[in-house]
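Heads up, start30.csv below (CSV, C-alpha atoms):
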```csv
chain,number,residue,atom,x,y,z
Z,1,MET,CA,-13.6,15.4,57.9
Z,2,THR,CA,-13.4,15.3,54.2
Z,3,GLY,CA,-14.2,18.6,52.6
Z,4,GLU,CA,-12.0,21.1,54.5
Z,5,VAL,CA,-9.7,21.5,57.4
Z,6,ARG,CA,-11.3,24.0,59.9
Z,7,LEU,CA,-8.4,25.2,62.1
Z,8,PRO,CA,-8.9,27.8,64.8
Z,9,GLY,CA,-6.4,30.7,64.6
Z,10,ASP,CA,-4.7,29.9,68.0
Z,11,LEU,CA,-4.1,26.3,67.0
Z,12,ALA,CA,-2.8,27.4,63.6
Z,13,GLU,CA,-0.3,29.7,65.4
Z,14,GLU,CA,0.7,26.8,67.8
Z,15,MET,CA,1.3,24.5,64.8
Z,16,VAL,CA,3.5,27.1,63.0
Z,17,ALA,CA,5.3,28.0,66.2
Z,18,HIS,CA,6.2,24.3,66.7
Z,19,CYS,CA,7.5,24.2,63.1
Z,20,ARG,CA,9.7,27.3,63.7
Z,21,ALA,CA,11.0,25.9,67.0
Z,22,GLY,CA,12.1,22.8,65.1
Z,23,LEU,CA,14.4,24.7,62.8
Z,24,PRO,CA,16.8,23.8,61.2
Z,25,ASN,CA,15.0,20.5,61.1
Z,26,GLU,CA,11.6,19.6,59.9
Z,27,ALA,CA,9.0,19.5,62.6
Z,28,CYS,CA,5.9,17.4,62.8
Z,29,GLY,CA,2.8,16.4,64.7
Z,30,MET,CA,-0.8,15.4,64.6
Z,31,LEU,CA,-4.2,17.1,64.9
Z,32,ALA,CA,-7.3,16.0,66.6
Z,33,SER,CA,-10.7,16.9,65.4
Z,34,GLN,CA,-14.2,16.8,66.7
Z,35,ASP,CA,-17.4,17.6,64.7
Z,36,GLY,CA,-15.3,18.5,61.7
Z,37,ARG,CA,-13.2,21.1,63.5
Z,38,ILE,CA,-9.6,20.8,64.7
Z,39,VAL,CA,-9.5,20.9,68.5
Z,40,LYS,CA,-6.0,20.0,69.5
Z,41,VAL,CA,-2.4,20.2,68.1
Z,42,PHE,CA,-0.1,17.4,69.2
Z,43,ARG,CA,3.5,18.8,69.0
Z,44,MET,CA,5.6,15.7,68.3
Z,45,THR,CA,9.2,14.8,68.0
Z,46,ASN,CA,10.7,14.3,64.5
Z,47,ALA,CA,12.4,11.0,65.0
Z,48,SER,CA,14.4,11.6,61.8
Z,49,GLY,CA,16.0,14.7,63.2
Z,50,SER,CA,16.6,16.0,59.7
Z,51,PRO,CA,16.0,19.2,57.7
Z,52,VAL,CA,14.7,17.2,54.8
Z,53,ARG,CA,12.9,14.2,56.5
Z,54,TYR,CA,10.4,13.6,59.2
Z,55,SER,CA,8.9,10.6,61.0
Z,56,LEU,CA,6.6,10.7,63.9
Z,57,GLU,CA,8.2,9.2,67.1
Z,58,PRO,CA,6.1,6.0,67.4
Z,59,ARG,CA,5.7,6.0,71.2
Z,60,GLU,CA,4.4,9.6,71.0
Z,61,GLN,CA,2.1,8.4,68.2
Z,62,LEU,CA,0.7,5.7,70.4
Z,63,ALA,CA,0.1,8.2,73.1
Z,64,VAL,CA,-1.8,10.4,70.6
Z,65,TYR,CA,-4.0,7.5,69.5
Z,66,ASN,CA,-4.7,6.7,73.2
Z,67,THR,CA,-5.7,10.3,73.8
Z,68,LEU,CA,-8.0,10.3,70.8
Z,69,GLU,CA,-9.7,7.2,72.2
Z,70,GLU,CA,-10.0,8.7,75.7
Z,71,LYS,CA,-11.4,12.0,74.4
Z,72,GLY,CA,-13.6,10.6,71.7
Z,73,TRP,CA,-11.7,12.7,69.1
Z,74,GLU,CA,-10.9,11.8,65.5
Z,75,LEU,CA,-7.5,12.0,63.9
Z,76,GLY,CA,-8.0,15.2,62.0
Z,77,GLY,CA,-4.7,15.4,60.2
Z,78,VAL,CA,-0.9,15.1,60.2
Z,79,PHE,CA,1.3,18.1,59.8
Z,80,HIS,CA,5.0,18.7,59.1
Z,81,SER,CA,7.1,21.6,57.9
Z,82,HIS,CA,9.0,22.2,54.8
Z,83,THR,CA,11.9,24.4,55.8
Z,84,HIS,CA,12.9,25.7,52.4
Z,85,THR,CA,10.4,24.5,49.9
Z,86,SER,CA,6.8,25.2,49.1
Z,87,ALA,CA,3.7,23.8,51.0
Z,88,TYR,CA,3.2,21.0,48.5
Z,89,PRO,CA,3.8,17.2,49.0
Z,90,SER,CA,7.2,16.1,47.9
Z,91,PRO,CA,7.8,12.8,46.1
Z,92,THR,CA,8.9,11.5,49.6
Z,93,ASP,CA,5.7,12.7,51.1
Z,94,LEU,CA,3.7,10.9,48.4
Z,95,ARG,CA,5.7,7.7,48.7
Z,96,LEU,CA,5.5,7.4,52.4
Z,97,ALA,CA,2.0,8.7,53.1
Z,98,SER,CA,0.0,6.2,55.1
Z,99,GLU,CA,-2.8,7.7,57.1
Z,100,ASP,CA,-6.0,8.4,55.3
Z,101,VAL,CA,-6.4,12.0,56.7
Z,102,PRO,CA,-5.4,15.4,55.5
Z,103,TYR,CA,-1.6,16.0,55.5
Z,104,LEU,CA,-0.9,19.6,56.4
Z,105,ILE,CA,2.3,21.2,55.2
Z,106,VAL,CA,3.7,24.3,56.8
Z,107,SER,CA,6.1,26.0,54.5
Z,108,LEU,CA,8.6,28.2,56.3
Z,109,ALA,CA,10.1,29.4,53.0
Z,110,THR,CA,7.8,32.3,53.1
Z,111,SER,CA,6.9,34.8,55.8
Z,112,PRO,CA,4.2,34.5,57.0
Z,113,ALA,CA,4.3,30.7,56.8
Z,114,ASP,CA,2.1,29.1,54.2
Z,115,VAL,CA,-0.2,26.3,55.4
Z,116,ARG,CA,-1.9,24.0,52.9
Z,117,ALA,CA,-3.5,20.6,53.2
Z,118,PHE,CA,-3.7,17.6,51.0
Z,119,ARG,CA,-5.1,14.1,50.9
Z,120,ILE,CA,-2.9,11.5,49.4
Z,121,VAL,CA,-5.2,9.0,47.7
Z,122,LYS,CA,-3.7,5.6,47.2
Z,123,GLU,CA,-5.0,2.2,46.3
Z,124,SER,CA,-3.3,0.8,49.3
Z,125,TRP,CA,-1.4,2.5,52.1
Z,126,ARG,CA,1.6,0.5,50.9
Z,127,ALA,CA,1.4,1.9,47.4
Z,128,GLU,CA,4.3,4.3,46.6
Z,129,ASP,CA,2.2,6.4,44.2
Z,130,GLY,CA,-1.1,8.1,44.4
Z,131,ASP,CA,-3.1,11.2,43.7
Z,132,ILE,CA,-2.6,14.5,45.5
Z,133,VAL,CA,-5.9,16.2,46.2
Z,134,GLU,CA,-5.8,19.6,47.9
Z,135,VAL,CA,-8.1,20.1,50.8
Z,136,PRO,CA,-9.0,23.8,51.7
Z,137,VAL,CA,-7.8,25.1,55.0
Z,138,THR,CA,-10.0,27.5,56.8
Z,139,ILE,CA,-8.2,29.4,59.6
Z,140,ALA,CA,-10.7,31.2,61.7
Z,141,GLY,CA,-12.0,31.7,65.2
G,142,MET,CA,-11.9,-11.5,78.6
G,143,ALA,CA,-10.5,-11.0,75.1
G,144,VAL,CA,-7.6,-9.1,73.7
G,145,GLU,CA,-8.5,-5.7,72.3
G,146,VAL,CA,-6.9,-4.7,69.1
G,147,ARG,CA,-6.9,-1.0,68.2
G,148,ILE,CA,-7.2,-0.4,64.5
G,149,PRO,CA,-5.7,2.8,63.0
G,150,THR,CA,-7.6,4.9,60.5
G,151,VAL,CA,-5.6,3.5,57.6
G,152,PHE,CA,-6.8,-0.1,58.1
G,153,ARG,CA,-10.5,0.7,58.8
G,154,LYS,CA,-11.4,0.4,55.1
G,155,LEU,CA,-10.9,-3.4,55.8
G,156,THR,CA,-12.9,-3.4,59.1
G,157,SER,CA,-15.9,-1.5,57.9
G,158,GLY,CA,-14.9,1.5,59.9
G,159,GLU,CA,-14.4,-0.4,63.2
G,160,SER,CA,-11.7,1.1,65.3
G,161,ARG,CA,-11.3,-1.8,67.7
G,162,ALA,CA,-11.7,-5.6,67.5
G,163,ALA,CA,-11.9,-8.2,70.3
G,164,VAL,CA,-9.9,-11.3,69.5
G,165,GLN,CA,-8.8,-14.4,71.4
G,166,PRO,CA,-5.5,-14.4,73.3
G,167,GLY,CA,-2.5,-15.7,71.4
G,168,THR,CA,0.7,-14.5,69.8
G,169,ILE,CA,0.7,-11.3,67.7
G,170,GLY,CA,0.9,-13.5,64.7
G,171,ASP,CA,-2.2,-15.4,65.9
G,172,LEU,CA,-4.1,-12.2,66.4
G,173,ILE,CA,-3.3,-11.0,62.9
G,174,SER,CA,-4.5,-14.4,61.5
G,175,GLN,CA,-7.8,-14.0,63.5
G,176,LEU,CA,-8.3,-10.5,62.1
G,177,ASP,CA,-7.5,-11.8,58.6
G,178,ALA,CA,-10.2,-14.4,58.9
G,179,ARG,CA,-12.7,-11.8,60.0
G,180,TYR,CA,-11.5,-9.1,57.6
G,181,PRO,CA,-10.0,-10.7,54.5
G,182,GLY,CA,-6.9,-9.0,53.3
G,183,PHE,CA,-5.9,-7.7,56.7
G,184,GLN,CA,-2.8,-9.8,57.0
G,185,SER,CA,-1.4,-8.8,53.7
G,186,GLN,CA,-1.6,-5.1,54.8
G,187,VAL,CA,0.3,-5.7,58.0
G,188,LEU,CA,2.8,-8.3,57.1
G,189,ALA,CA,5.6,-8.1,54.5
G,190,GLU,CA,6.1,-10.8,51.9
G,191,GLY,CA,7.8,-13.6,53.8
G,192,GLY,CA,5.5,-13.1,56.7
G,193,SER,CA,7.5,-10.7,58.9
G,194,LEU,CA,6.0,-7.5,60.3
G,195,HIS,CA,6.0,-4.8,57.6
G,196,ARG,CA,8.7,-2.3,58.3
G,197,PHE,CA,6.2,0.6,58.2
G,198,VAL,CA,3.9,-1.0,60.8
G,199,ASN,CA,4.6,-0.7,64.5
G,200,VAL,CA,2.8,-3.0,66.9
G,201,TYR,CA,2.5,-2.2,70.6
G,202,LEU,CA,1.4,-4.7,73.3
G,203,ASN,CA,0.0,-2.3,75.8
G,204,ASP,CA,3.0,0.2,75.9
G,205,GLU,CA,5.7,-2.0,74.6
G,206,ASP,CA,6.9,-2.2,71.0
G,207,VAL,CA,6.7,-5.9,70.1
G,208,ARG,CA,9.9,-5.6,68.0
G,209,TYR,CA,11.7,-5.2,71.4
G,210,LEU,CA,9.8,-8.2,72.8
G,211,ASP,CA,9.4,-11.4,70.7
G,212,GLY,CA,8.1,-9.8,67.6
G,213,LEU,CA,5.2,-11.8,66.1
G,214,GLU,CA,5.8,-14.5,68.7
G,215,THR,CA,5.0,-12.0,71.5
G,216,ARG,CA,2.0,-13.3,73.4
G,217,ALA,CA,-1.0,-11.2,74.2
G,218,GLY,CA,-3.1,-12.3,77.1
G,219,GLU,CA,-6.6,-11.6,78.4
G,220,GLY,CA,-7.2,-7.9,79.0
G,221,ASP,CA,-4.2,-6.8,77.0
G,222,THR,CA,-4.4,-4.1,74.4
G,223,VAL,CA,-2.6,-4.4,71.1
G,224,SER,CA,-2.2,-1.2,69.0
G,225,LEU,CA,-1.3,-1.2,65.3
G,226,LEU,CA,0.4,2.0,64.1
G,227,PRO,CA,1.4,2.8,60.6
G,228,SER,CA,4.7,4.7,60.4
G,229,VAL,CA,4.0,8.3,59.5
G,230,ALA,CA,6.8,9.9,57.6
G,231,GLY,CA,7.8,12.0,54.7
G,232,GLY,CA,10.0,15.0,53.9
G,233,ALA,CA,10.9,17.8,51.6
```
Rendering of file as structure tokens:
Amino acid sequence: MTGEVRLPGDLAEEMVAHCRAGLPNEACGMLASQDGRIVKVFRMTNASGSPVRYSLEPREQLAVYNTLEEKGWELGGVFHSHTHTSAYPSPTDLRLASEDVPYLIVSLATSPADVRAFRIVKESWRAEDGDIVEVPVTIAG
Amino acid sequence: MAVEVRIPTVFRKLTSGESRAAVQPGTIGDLISQLDARYPGFQSQVLAEGGSLHRFVNVYLNDEDVRYLDGLETRAGEGDTVSLLPSVAGGA
């Protein structure tokens, strides 16, 4: 999955609902894809428990990777909410980005929520700087 | 039977896209050395300067975080699965 994020409407709703349920803190999770289409939303715990930070709970992350293996799915993306700011990667998002997949940001600053996706392109996953490249999100079906 | 190491997406640039690798039993440190021999540069991605596990990398032996076992000295035996996980984090 490189050109776009194809997200069925019901899964988009599930992702946004998880983000709203996490208020006042940021919420987060992962997405599974198959044949270029998102097929599963993994609603995960924000181990940071913060309105301005998130980190995926590692043991849940391991369980997600195991499920991807079992199902033959790909990691289709990582998502988190911005509770009061726009759906654009923050300096912290840029600095801490690691996975080479689209990062979806759900902004709850607007109603309805705004969902956008970006790739953070770095020389190395440990680099603290990189390029932000927007990936179109198609919500349909 | 070997030890299976599961490689996350972020490290697959080094493994030519391979999502798993079979290595010989040994400590987690040994396993990382074996992977570095096979995929040059692997170790420098996983370990910090000084040789400790990078703070943004989590390593699980089956379902246990090796930081709560013996760290890089934790031994993986035949049939075990070792999973490498990059920390995924950020914030507004």
Give me, as a PyMOL selection string, the contact residues of chain G against chain Z at a cut-off of 7 Å, counting only C-alpha atoms.
chain G and resi 150-151+227+229-233
Calculated over only C-alpha atoms, which of the candidates Z:Ala109, Z:Leu104, Z:Val41, Z:Cys19 has the smallest distance to Val133 in chain Z?
Z:Leu104
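CA of Gln186 in chain G is found 18.0 Å from CA of Val164 in chain G.
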CA of Ala17 in chain Z and CA of Phe118 in chain Z are how many Å apart?
20.5 Å
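With distances restricted to all atoms listed in the file, G:Leu202 is the closest residue to Gly220 in chain G from G:Thr156, G:Ala178, G:Leu202, G:Val207.
A straight line drawn from CA of Glu145 in chain G to CA of Phe197 in chain G is 21.3 Å long.
Considering only C-alpha atoms, the residue among Z:Val121, Z:Arg43, Z:Pro112, Z:Pro136 positioned nearest to Ala21 in chain Z is Z:Arg43.
Counting only C-alpha atoms, Asp35 in chain Z has the following residues at most 12 Å away, ignoring those fewer than 3 positions along the same chain: Met1, Thr2, Val5, Arg6, Ala32, Ile38, Val39, Gly72, Trp73, Glu74, Leu75 and Gly76 of chain Z.
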Residue rebuild result range 152-171 of chain G, N, CA and C atoms as a compact mmCIF listing (two decimals), in the coordinates of the input:
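Writing done, so here's out-v6.txt:
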```txt
# COMPACT_ATOMS: atom_id res chain seq x y z
N PHE G 152 -6.37 1.30 58.31
CA PHE G 152 -6.80 -0.10 58.10
C PHE G 152 -8.34 -0.23 58.24
N ARG G 153 -9.02 0.86 58.51
CA ARG G 153 -10.50 0.70 58.80
C ARG G 153 -11.30 0.50 57.54
N LYS G 154 -10.69 0.72 56.36
CA LYS G 154 -11.40 0.40 55.10
C LYS G 154 -11.70 -1.15 55.15
N LEU G 155 -10.78 -1.90 55.76
CA LEU G 155 -10.90 -3.40 55.80
C LEU G 155 -11.88 -3.80 56.90
N THR G 156 -12.07 -2.96 57.91
CA THR G 156 -12.90 -3.40 59.10
C THR G 156 -14.23 -2.69 59.10
N SER G 157 -14.66 -2.20 57.95
CA SER G 157 -15.90 -1.50 57.90
C SER G 157 -16.02 -0.35 58.85
N GLY G 158 -14.89 0.28 59.06
CA GLY G 158 -14.90 1.50 59.90
C GLY G 158 -14.65 1.17 61.39
N GLU G 159 -14.60 -0.11 61.77
CA GLU G 159 -14.40 -0.40 63.20
C GLU G 159 -13.04 0.01 63.67
N SER G 160 -12.98 0.64 64.82
CA SER G 160 -11.70 1.10 65.30
C SER G 160 -11.08 0.19 66.35
N ARG G 161 -11.81 -0.86 66.72
CA ARG G 161 -11.30 -1.80 67.70
C ARG G 161 -11.88 -3.19 67.38
N ALA G 162 -11.17 -4.21 67.73
CA ALA G 162 -11.70 -5.60 67.50
C ALA G 162 -11.27 -6.40 68.72
N ALA G 163 -12.16 -7.26 69.16
CA ALA G 163 -11.90 -8.20 70.30
C ALA G 163 -11.49 -9.53 69.64
N VAL G 164 -10.33 -10.04 70.05
CA VAL G 164 -9.90 -11.30 69.50
C VAL G 164 -9.45 -12.21 70.71
N GLN G 165 -9.23 -13.48 70.41
CA GLN G 165 -8.80 -14.40 71.40
C GLN G 165 -7.33 -14.25 71.76
N PRO G 166 -6.93 -14.49 73.00
CA PRO G 166 -5.50 -14.40 73.30
C PRO G 166 -4.64 -15.30 72.47
N GLY G 167 -3.43 -14.88 72.25
CA GLY G 167 -2.50 -15.70 71.40
C GLY G 167 -1.29 -14.81 71.10
N THR G 168 -0.46 -15.31 70.20
CA THR G 168 0.70 -14.50 69.80
C THR G 168 0.18 -13.38 68.86
N ILE G 169 1.02 -12.39 68.66
CA ILE G 169 0.70 -11.30 67.70
C ILE G 169 0.35 -11.88 66.36
N GLY G 170 1.13 -12.85 65.94
CA GLY G 170 0.90 -13.50 64.70
C GLY G 170 -0.51 -14.17 64.64
N ASP G 171 -0.88 -14.83 65.76
CA ASP G 171 -2.20 -15.40 65.90
C ASP G 171 -3.31 -14.37 65.75
```
